[in-house]
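J.: Just entry-v6.txt, nothing more (compact mmCIF, C-alpha atoms):
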# COMPACT_ATOMS: atom_id res chain seq x y z
CA MET L 171 -24.24 -44.53 19.96
CA LYS L 172 -26.72 -42.43 18.01
CA LYS L 173 -29.26 -42.88 20.82
CA ILE L 174 -26.69 -41.66 23.42
CA SER L 175 -25.78 -38.64 21.29
CA LYS L 176 -29.47 -37.83 20.83
CA LEU L 177 -30.05 -38.12 24.59
CA ILE L 178 -27.10 -35.81 25.31
CA ALA L 179 -28.44 -33.28 22.83
CA ILE L 180 -31.87 -33.36 24.49
CA LEU L 181 -30.34 -32.94 27.95
CA LEU L 182 -28.20 -30.02 26.76
CA ALA L 183 -31.25 -28.39 25.21
CA LEU L 184 -33.21 -28.80 28.43
CA ALA L 185 -30.32 -27.38 30.44
CA PHE L 186 -30.13 -24.40 28.09
CA ILE L 187 -33.86 -23.78 28.46
CA LEU L 188 -33.66 -24.00 32.25
CA VAL L 189 -30.63 -21.70 32.45
CA GLY L 190 -32.31 -19.26 30.07
CA ALA L 191 -35.50 -19.30 32.12
CA ASP L 192 -33.49 -18.67 35.27
CA VAL L 193 -31.68 -15.71 33.67
CA PHE L 194 -35.01 -14.32 32.49
CA ALA L 195 -36.46 -14.75 35.99
CA GLN L 196 -33.49 -12.92 37.47
CA ALA L 197 -33.96 -10.08 34.99
CA LYS L 198 -37.65 -9.63 35.84
CA ALA L 199 -38.46 -6.67 38.07
CA LYS L 200 -38.78 -7.37 41.77
CA PHE L 201 -41.72 -4.99 42.09
CA HIS L 202 -44.08 -2.98 39.90
CA ILE L 203 -45.13 0.68 39.71
CA GLY L 204 -48.47 1.63 38.19
CA VAL L 205 -48.43 4.84 36.16
CA VAL L 206 -51.73 6.41 35.10
CA THR L 207 -51.85 9.31 32.61
CA GLY L 208 -54.14 10.83 30.03
CA THR L 209 -53.95 9.84 26.38
CA VAL L 210 -51.86 11.46 23.64
CA SER L 211 -54.86 13.53 22.58
CA GLN L 212 -55.70 14.66 26.13
CA SER L 213 -52.28 15.22 27.72
CA GLU L 214 -49.41 14.09 25.51
CA ASP L 215 -46.63 15.43 27.71
CA ASP L 216 -47.90 13.48 30.74
CA LEU L 217 -47.87 10.31 28.64
CA ARG L 218 -44.35 11.02 27.32
CA GLY L 219 -43.18 10.99 30.92
CA ALA L 220 -44.57 7.47 31.32
CA GLU L 221 -42.72 6.44 28.16
CA ALA L 222 -39.49 7.78 29.65
CA LEU L 223 -40.02 5.54 32.70
CA ILE L 224 -40.69 2.52 30.47
CA ASN L 225 -37.51 3.25 28.50
CA ALA L 226 -35.58 3.34 31.76
CA TYR L 227 -37.14 0.40 33.64
CA GLY L 228 -39.15 -1.63 31.13
CA SER L 229 -42.84 -2.45 30.96
CA VAL L 230 -44.42 -5.12 33.14
CA LYS L 231 -45.46 -7.20 30.10
CA ALA L 232 -41.79 -7.38 29.08
CA GLY L 233 -40.64 -8.31 32.58
CA GLY L 234 -39.96 -4.73 33.62
CA MET L 235 -41.22 -2.43 36.37
CA ILE L 236 -43.73 -0.01 34.84
CA GLN L 237 -47.42 -0.79 34.30
CA HIS L 238 -48.78 2.14 32.29
CA ILE L 239 -52.49 2.70 31.72
CA THR L 240 -54.44 5.73 30.48
CA TYR L 241 -57.68 7.21 31.75
CA PRO L 242 -60.59 8.08 29.41
CA ASP L 243 -60.46 11.41 27.56
CA ASP L 244 -63.93 12.13 28.90
CA PHE L 245 -62.86 11.39 32.45
CA MET L 246 -65.53 13.55 34.07
CA SER L 247 -68.37 11.38 32.76
CA GLN L 248 -66.42 8.14 33.11
CA GLN L 249 -65.15 8.47 36.66
CA GLU L 250 -66.17 4.95 37.65
CA THR L 251 -64.23 3.51 34.70
CA PHE L 252 -61.19 5.53 35.75
CA ILE L 253 -61.52 4.50 39.40
CA SER L 254 -61.96 0.81 38.54
CA SER L 255 -58.87 0.78 36.30
CA VAL L 256 -56.74 2.32 39.06
CA VAL L 257 -58.06 -0.09 41.70
CA ALA L 258 -57.37 -3.04 39.37
CA LEU L 259 -53.66 -2.21 39.54
CA ALA L 260 -53.73 -3.25 43.20
CA ASP L 261 -54.64 -6.82 42.17
CA ASP L 262 -51.02 -7.28 41.11
CA PRO L 263 -49.18 -8.74 44.13
CA LEU L 264 -45.95 -7.04 42.99
CA MET L 265 -47.56 -3.57 42.80
CA LYS L 266 -45.79 -1.32 45.30
CA ALA L 267 -46.73 2.18 44.08
CA ILE L 268 -49.28 3.97 41.92
CA VAL L 269 -48.65 7.34 40.26
CA ILE L 270 -51.48 9.36 38.67
CA ASN L 271 -50.71 12.44 36.57
CA GLN L 272 -52.86 14.38 36.17
CA ALA L 273 -54.80 13.34 39.25
CA VAL L 274 -58.23 13.99 37.72
CA PRO L 275 -61.48 13.98 39.73
CA GLY L 276 -62.02 10.51 41.20
CA THR L 277 -58.38 10.04 42.22
CA THR L 278 -59.13 10.37 45.93
CA GLU L 279 -61.85 7.72 45.76
CA ALA L 280 -59.59 5.45 43.69
CA PHE L 281 -56.79 5.80 46.24
CA LYS L 282 -59.14 5.04 49.12
CA ARG L 283 -60.33 1.85 47.42
CA VAL L 284 -56.72 0.83 46.71
CA ARG L 285 -55.97 1.32 50.42
CA GLU L 286 -58.80 -1.11 51.25
CA LYS L 287 -57.08 -3.75 49.11
CA ASN L 288 -53.50 -3.03 50.08
CA LYS L 289 -52.65 -0.44 52.73
CA ASP L 290 -48.93 -0.57 51.90
CA ILE L 291 -49.06 0.67 48.29
CA LEU L 292 -47.42 4.10 47.87
CA LEU L 293 -49.94 6.53 46.31
CA LEU L 294 -48.68 9.63 44.47
CA ALA L 295 -50.76 12.33 42.74
CA GLY L 296 -49.50 14.79 40.14
CA GLU L 297 -51.33 18.10 39.57
CA PRO L 298 -54.50 17.10 41.45
CA HIS L 299 -57.80 18.51 40.16
CA GLU L 300 -59.51 17.94 43.49
CA ASP L 301 -59.37 20.41 46.38
CA PRO L 302 -56.19 20.25 48.47
CA LEU L 303 -57.85 18.93 51.63
CA VAL L 304 -59.59 16.23 49.58
CA ILE L 305 -56.52 14.81 47.84
CA GLN L 306 -54.46 15.18 51.03
CA SER L 307 -56.88 12.78 52.74
CA ALA L 308 -55.81 9.89 50.48
CA ALA L 309 -52.45 10.49 48.78
CA ASP L 310 -49.06 9.84 50.36
CA LEU L 311 -47.83 12.81 48.34
CA ALA L 312 -49.35 15.26 45.87
CA LEU L 313 -47.31 17.62 43.68
CA SER L 314 -48.80 20.78 42.18
CA ALA L 315 -47.44 23.71 40.19
CA ASP L 316 -46.44 26.43 42.68
CA PHE L 317 -48.87 29.24 41.93
CA VAL L 318 -47.73 31.07 45.09
CA SER L 319 -43.96 31.16 44.51
CA ARG L 320 -44.39 31.75 40.78
CA GLY L 321 -46.58 34.74 41.53
CA TYR L 322 -43.39 36.31 42.87
CA THR L 323 -40.70 34.68 40.70
CA ILE L 324 -42.39 35.50 37.37
CA ILE L 325 -42.30 39.19 38.34
CA TRP L 326 -38.69 38.87 39.50
CA ALA L 327 -37.77 37.21 36.18
CA ALA L 328 -39.63 39.90 34.21
CA LYS L 329 -37.46 42.50 35.93
CA GLN L 330 -34.32 40.55 34.95
CA LEU L 331 -35.49 40.73 31.32
CA GLY L 332 -35.74 44.51 31.63
CA ALA L 333 -39.49 44.88 32.13
CA LYS L 334 -40.88 48.07 33.62
CA THR L 335 -44.52 47.06 33.24
CA PHE L 336 -46.27 43.72 33.74
CA VAL L 337 -49.56 43.00 31.98
CA HIS L 338 -51.70 40.17 33.37
CA ILE L 339 -54.35 38.94 30.89
CA SER L 340 -57.35 36.93 32.08
CA PHE L 341 -61.15 36.85 32.46
CA PRO L 342 -63.72 36.50 35.30
CA ARG L 343 -64.05 32.68 35.23
CA HIS L 344 -60.33 32.16 35.80
CA MET L 345 -60.16 34.92 38.39
CA SER L 346 -62.84 33.10 40.38
CA TYR L 347 -60.44 30.18 40.89
CA GLU L 348 -58.76 30.45 44.28
CA SER L 349 -55.29 29.56 43.01
CA LEU L 350 -55.38 31.91 39.99
CA GLY L 351 -56.93 34.74 41.99
CA ARG L 352 -54.27 34.37 44.69
CA ARG L 353 -51.50 34.36 42.11
CA ARG L 354 -52.79 37.56 40.52
CA ALA L 355 -52.85 39.27 43.95
CA ILE L 356 -49.31 38.03 44.64
CA MET L 357 -48.11 39.31 41.25
CA GLU L 358 -49.58 42.73 41.95
CA GLU L 359 -47.89 42.91 45.34
CA ALA L 360 -44.57 41.71 43.85
CA CYS L 361 -44.74 44.45 41.22
CA LYS L 362 -45.06 47.03 44.01
CA ASP L 363 -42.10 45.57 45.88
CA LEU L 364 -39.86 45.14 42.81
CA GLY L 365 -40.68 48.45 41.13
CA LEU L 366 -42.83 47.37 38.17
CA THR L 367 -46.20 48.75 37.13
CA PHE L 368 -48.94 46.12 37.30
CA VAL L 369 -51.75 46.20 34.73
CA PHE L 370 -54.74 43.87 34.46
CA GLU L 371 -56.27 43.41 31.00
CA THR L 372 -59.44 41.43 30.32
CA ALA L 373 -59.72 39.13 27.30
CA PRO L 374 -62.63 36.93 26.15
CA ASP L 375 -63.01 33.51 27.77
CA PRO L 376 -62.36 30.88 25.05
CA ILE L 377 -65.36 28.84 26.27
CA SER L 378 -67.69 31.84 25.91
CA ASP L 379 -69.84 32.54 22.85
CA VAL L 380 -66.87 33.89 20.87
CA GLY L 381 -65.08 30.54 21.21
CA VAL L 382 -61.35 29.89 20.91
CA ALA L 383 -61.12 31.56 17.49
CA GLY L 384 -62.78 34.75 18.73
CA ALA L 385 -60.64 34.88 21.86
CA GLN L 386 -57.46 34.42 19.82
CA GLN L 387 -58.51 37.07 17.32
CA PHE L 388 -59.01 39.50 20.21
CA ILE L 389 -55.43 38.91 21.37
CA LEU L 390 -54.06 39.31 17.84
CA GLU L 391 -55.78 42.68 17.53
CA LYS L 392 -55.07 43.95 21.04
CA VAL L 393 -51.36 43.20 21.47
CA PRO L 394 -50.16 45.88 19.01
CA GLN L 395 -52.35 48.42 20.87
CA TRP L 396 -51.01 47.28 24.25
CA ILE L 397 -47.40 47.53 23.05
CA GLU L 398 -48.06 51.07 21.84
CA LYS L 399 -49.74 51.95 25.15
CA TYR L 400 -47.34 50.33 27.62
CA GLY L 401 -44.08 50.13 25.63
CA LYS L 402 -41.76 47.38 24.46
CA ASP L 403 -40.30 47.00 27.95
CA THR L 404 -43.54 45.34 29.02
CA ALA L 405 -43.82 41.67 30.04
CA PHE L 406 -47.08 39.87 29.26
CA PHE L 407 -48.70 36.90 30.99
CA CYS L 408 -51.99 35.12 30.28
CA THR L 409 -53.84 32.54 32.35
CA ASN L 410 -55.33 30.62 29.40
CA ASP L 411 -53.45 28.30 27.03
CA ALA L 412 -55.52 29.37 24.01
CA HIS L 413 -54.34 32.97 24.44
CA THR L 414 -50.65 32.02 24.56
CA GLU L 415 -49.96 31.32 20.89
CA PRO L 416 -51.47 34.55 19.46
CA LEU L 417 -49.84 36.55 22.28
CA LEU L 418 -46.40 35.16 21.43
CA LYS L 419 -46.96 35.65 17.70
CA GLN L 420 -47.67 39.34 18.15
CA LEU L 421 -44.88 39.90 20.66
CA PHE L 422 -42.41 38.58 18.10
CA ALA L 423 -43.90 40.98 15.56
CA TYR L 424 -44.32 44.13 17.67
CA GLY L 425 -41.96 43.80 20.63
CA GLY L 426 -42.50 43.06 24.30
CA LEU L 427 -41.34 40.40 26.76
CA PHE L 428 -42.64 36.99 27.87
CA VAL L 429 -41.31 35.15 30.95
CA GLU L 430 -43.19 31.84 30.79
CA ALA L 431 -46.63 30.39 30.21
CA ASP L 432 -49.21 29.53 32.84
CA LEU L 433 -48.25 25.84 32.39
CA PRO L 434 -44.69 26.29 31.14
CA SER L 435 -43.25 24.20 28.31
CA PRO L 436 -41.27 24.91 25.13
CA LEU L 437 -44.30 23.35 23.41
CA MET L 438 -46.74 25.89 24.87
CA GLY L 439 -47.51 28.47 22.19
CA TYR L 440 -44.06 28.61 20.62
CA PRO L 441 -44.38 26.02 17.81
CA GLY L 442 -47.56 27.61 16.43
CA ALA L 443 -46.35 31.19 16.91
CA LEU L 444 -43.07 30.43 15.15
CA GLY L 445 -44.43 27.98 12.56
CA ILE L 446 -42.06 25.12 13.43
CA ASP L 447 -42.69 21.38 13.19
CA LEU L 448 -41.55 19.37 16.20
CA SER L 449 -43.08 15.99 15.32
CA SER L 450 -39.69 14.33 14.84
CA GLU L 451 -38.55 15.61 18.25
CA ALA L 452 -41.64 14.32 20.15
CA GLY L 453 -40.76 13.49 23.75
CA ASN L 454 -37.12 14.65 23.38
CA PHE L 455 -37.17 17.91 25.32
CA PRO L 456 -33.50 18.87 24.91
CA ALA L 457 -34.02 18.58 21.14
CA ILE L 458 -37.34 20.46 21.32
CA LEU L 459 -35.76 23.27 23.34
CA LYS L 460 -32.83 23.57 20.93
CA LYS L 461 -35.10 23.83 17.89
CA VAL L 462 -37.46 26.33 19.52
CA GLU L 463 -34.53 28.39 20.79
CA ALA L 464 -33.01 28.61 17.30
CA ALA L 465 -36.33 29.90 15.95
CA VAL L 466 -36.75 32.43 18.78
CA VAL L 467 -33.22 33.80 18.29
CA ALA L 468 -33.76 34.00 14.53
CA LYS L 469 -36.82 36.19 15.24
CA GLY L 470 -34.71 38.56 17.33
CA GLY L 471 -36.11 37.24 20.62
CA SER L 472 -32.85 36.43 22.39
CA GLY L 473 -33.08 37.48 26.04
CA LYS L 474 -36.74 38.46 25.72
CA PHE L 475 -38.66 35.17 25.85
CA GLY L 476 -38.64 32.35 28.38
CA THR L 477 -40.13 28.97 29.31
CA TRP L 478 -39.39 25.92 31.38
CA ALA L 479 -36.79 23.83 29.59
CA PHE L 480 -38.85 20.69 30.17
CA SER L 481 -42.60 20.31 30.04
CA TYR L 482 -44.20 20.36 33.47
CA GLY L 483 -46.44 17.39 32.60
CA TYR L 484 -43.57 15.25 31.33
CA SER L 485 -41.38 16.13 34.30
CA LEU L 486 -44.13 15.34 36.80
CA THR L 487 -44.95 11.84 35.47
CA ALA L 488 -41.32 10.78 35.09
CA GLY L 489 -40.21 12.42 38.33
CA LEU L 490 -42.98 10.91 40.44
CA GLY L 491 -42.28 7.47 38.95
CA GLU L 492 -38.61 7.84 39.81
CA PHE L 493 -39.45 9.04 43.31
CA ALA L 494 -41.77 6.05 43.82
CA LYS L 495 -39.00 3.65 42.76
CA ASN L 496 -36.52 5.31 45.13
CA VAL L 497 -38.94 5.19 48.08
CA VAL L 498 -39.81 1.52 47.49
CA GLU L 499 -36.10 0.64 47.26
CA GLY L 500 -35.37 2.53 50.47
CA LYS L 501 -33.22 5.14 48.71
CA ALA L 502 -35.61 8.02 49.44
CA LYS L 503 -38.09 9.11 52.11
CA LYS L 504 -41.61 10.06 51.10
CA THR L 505 -41.37 13.04 53.47
CA SER L 506 -38.14 14.46 51.98
CA LEU L 507 -38.41 17.45 49.64
CA ASN L 508 -34.80 17.03 48.60
CA ASP L 509 -35.54 13.46 47.51
CA VAL L 510 -38.51 14.72 45.47
CA PHE L 511 -36.38 17.33 43.71
CA GLU L 512 -33.59 14.82 43.08
CA ALA L 513 -36.04 12.45 41.38
CA LEU L 514 -37.45 15.26 39.22
CA SER L 515 -33.92 16.36 38.26
CA LYS L 516 -33.07 12.97 36.73
CA TYR L 517 -35.41 13.75 33.82
CA THR L 518 -34.68 17.50 33.68
CA PRO L 519 -30.88 17.74 33.38
CA GLY L 520 -29.55 21.25 33.88
CA ALA L 521 -32.77 22.57 35.43
CA LYS L 522 -33.18 23.23 39.15
CA TRP L 523 -36.34 22.70 41.21
CA ASN L 524 -37.72 24.30 44.33
CA GLY L 525 -40.99 24.46 46.20
CA ALA L 526 -42.72 24.30 49.55
CA TYR L 527 -45.45 22.44 51.37
CA TYR L 528 -48.92 23.74 50.60
CA LEU L 529 -50.16 26.39 53.05
CA ASP L 530 -53.90 26.66 53.59
CA VAL L 531 -54.40 30.42 53.55
CA GLY L 532 -57.65 30.07 55.52
CA THR L 533 -56.24 28.11 58.46
CA GLY L 534 -52.54 28.94 58.19
CA VAL L 535 -51.74 25.22 58.41
CA ARG L 536 -49.09 23.70 56.16
CA ALA L 537 -49.82 20.29 54.65
CA ARG L 538 -47.23 17.54 55.06
CA ASN L 539 -48.19 15.59 51.95
CA GLN L 540 -48.79 18.22 49.26
CA VAL L 541 -45.93 20.18 47.74
CA LEU L 542 -46.04 23.14 45.36
CA ILE L 543 -43.10 22.98 42.93
CA TYR L 544 -41.46 25.14 40.27
CA MET L 545 -38.44 25.07 37.96
CA ASP L 546 -35.85 27.64 36.92
CA THR L 547 -36.95 29.87 34.05
CA TYR L 548 -35.01 29.27 30.83
CA VAL L 549 -34.47 32.42 28.75
CA PHE L 550 -33.96 31.70 25.05
CA GLY L 551 -30.54 32.85 23.90
CA LYS L 552 -29.32 33.37 27.47
CA GLY L 553 -29.88 30.18 29.46
CA PHE L 554 -31.30 29.56 32.94
CA LEU L 555 -32.19 32.30 35.40
CA PRO L 556 -31.55 31.32 39.06
CA THR L 557 -35.28 31.51 39.76
CA THR L 558 -35.31 28.73 42.32
CA LYS L 559 -32.57 30.42 44.38
CA GLN L 560 -34.64 33.51 45.06
CA LYS L 561 -35.75 34.07 48.64
CA ILE L 562 -39.49 34.63 48.59
CA PRO L 563 -40.71 36.79 51.48
CA GLU L 564 -42.99 34.88 53.82
CA LYS L 565 -45.79 37.43 53.45
CA TYR L 566 -46.55 36.20 49.91
CA TYR L 567 -47.72 32.85 51.28
CA THR L 568 -50.54 34.54 53.20
CA ILE L 569 -51.84 36.87 50.46
CA LYS L 570 -55.44 36.12 49.58
CA ALA L 571 -57.29 36.59 46.29
CA THR L 572 -58.99 39.97 45.95
CA ASN L 573 -62.56 40.26 44.74
Written as structure tokens, how would this file's structure read?
T.:
Amino acid sequence: MKKISKLIAILLALAFILVGADVFAQAKAKFHIGVVTGTVSQSEDDLRGAEALINAYGSVKAGGMIQHITYPDDFMSQQETFISSVVALADDPLMKAIVINQAVPGTTEAFKRVREKNKDILLLAGEPHEDPLVIQSAADLALSADFVSRGYTIIWAAKQLGAKTFVHISFPRHMSYESLGRRRAIMEEACKDLGLTFVFETAPDPISDVGVAGAQQFILEKVPQWIEKYGKDTAFFCTNDAHTEPLLKQLFAYGGLFVEADLPSPLMGYPGALGIDLSSEAGNFPAILKKVEAAVVAKGGSGKFGTWAFSYGYSLTAGLGEFAKNVVEGKAKKTSLNDVFEALSKYTPGAKWNGAYYLDVGTGVRARNQVLIYMDTYVFGKGFLPTTKQKIPEKYYTIKATN
């Protein structure tokens, strides 16, 4: 009798194990998505977007969908390491899509090698560092910040904040970049059309001999003079991240307006300028926005300062991962802009997106696999401006950079 009972117990245990294994197998993801970002030290917001995807769909090692890897901080000198790690993702027979954000140099070559292994893997690039025609030769879709549309919408938003003058702060190195030079020319034309005075001010390049500290000190000293010269109904914009924090700090102290940063995020410049600690809110952008907004309003900045409600880097990683999942599952088309915006919106509740296919200003040809995107501007103390609903005249897409 004891032997029979023992046998029954063993059989029940085996049945339990088999049922449990079957349940686990059913719970495992049917396909995998590779997500490649920088590290916390190099591009934290991009990585936080990957974490959001893992929270939603699980990591591959835990039976989930997302296989997240990071590229080296020194990616320029370690391109082969980066390329090899991306190509290795294609060894997984369940890998159906690969997302890289930011798509640093070497992405095109990595994508081409992946294609040699598996021509059916969906390849998506966020904020590519390589020239448009280069990345377009390999990616199914590339998303970039819309420097063309924002050249117009930032001026439009400045006018909504009450600006009469717009001051663009930069330096020769940045103005030699085609995208930044074009945006400056577009901003100048938009000021003419919308009735604002455009002013260009030069500041030291942070990688010059003066360094970041010298460049920031210049801004700290100059902003009070600029406010006195141009007035408090002046909106300021700078092309370099290092200039943003001292600019905001002085605008809070002396007056002036600020629409949004070059790479917009509530984390760009505001925490340092306002002296607030956001470590406990890391990755939680609604909480970050709420805390920054409270500090801005307390400084008397309601209606005068703006941002994007969600970090561009975070939104891009999470949104592209979501879009990849939807395309693989047949719920979205890789050629549909609406499907792209819908995927981005899942991780940016309350914010609206818009954009257009990249137009090569030299040839006049629009790409079909690279999209320039932008989000509604969020004004602290007031809420969202309907930036993405503005009709941008077609002429702005053909304006070239001026020498």
J.: L:Gln330, L:Asn508, L:Ser449, L:Ser229: which is nearest Val429 in chain L, counting only C-alpha atoms?
T.: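 Between L:Gln330, L:Asn508, L:Ser449, L:Ser229, the residue approaching Val429 in chain L most closely is L:Gln330.
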J.: Please work out which residues fall within 9 Å of (-60.4, 12.3, 22.4), coordinates as given in the file, with all atoms listed in the file counting, and return them as a list in words.
T.: Thr209, Val210, Ser211, Gln212, Pro242, Asp243 and Asp244 of chain L
J.: Hey, which of L:Leu507, L:Ile389, L:Leu427, L:Ala494 ends up closest to Thr404 in chain L? Count all atoms listed in the file.
T.: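 Checking each of L:Leu507, L:Ile389, L:Leu427, L:Ala494 against Thr404 in chain L, counting all atoms listed in the file, the winner is L:Leu427.
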J.: What is the distance between CA of Gly228 in chain L and CA of Gly520 in chain L, in Å to one decimal?
T.: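 If I compute the distance from CA of Gly228 in chain L to CA of Gly520 in chain L, I get 25.0 Å.
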J.: How many Å separate CA of Lys503 in chain L from CA of Ile291 in chain L?
T.: 14.4 Å
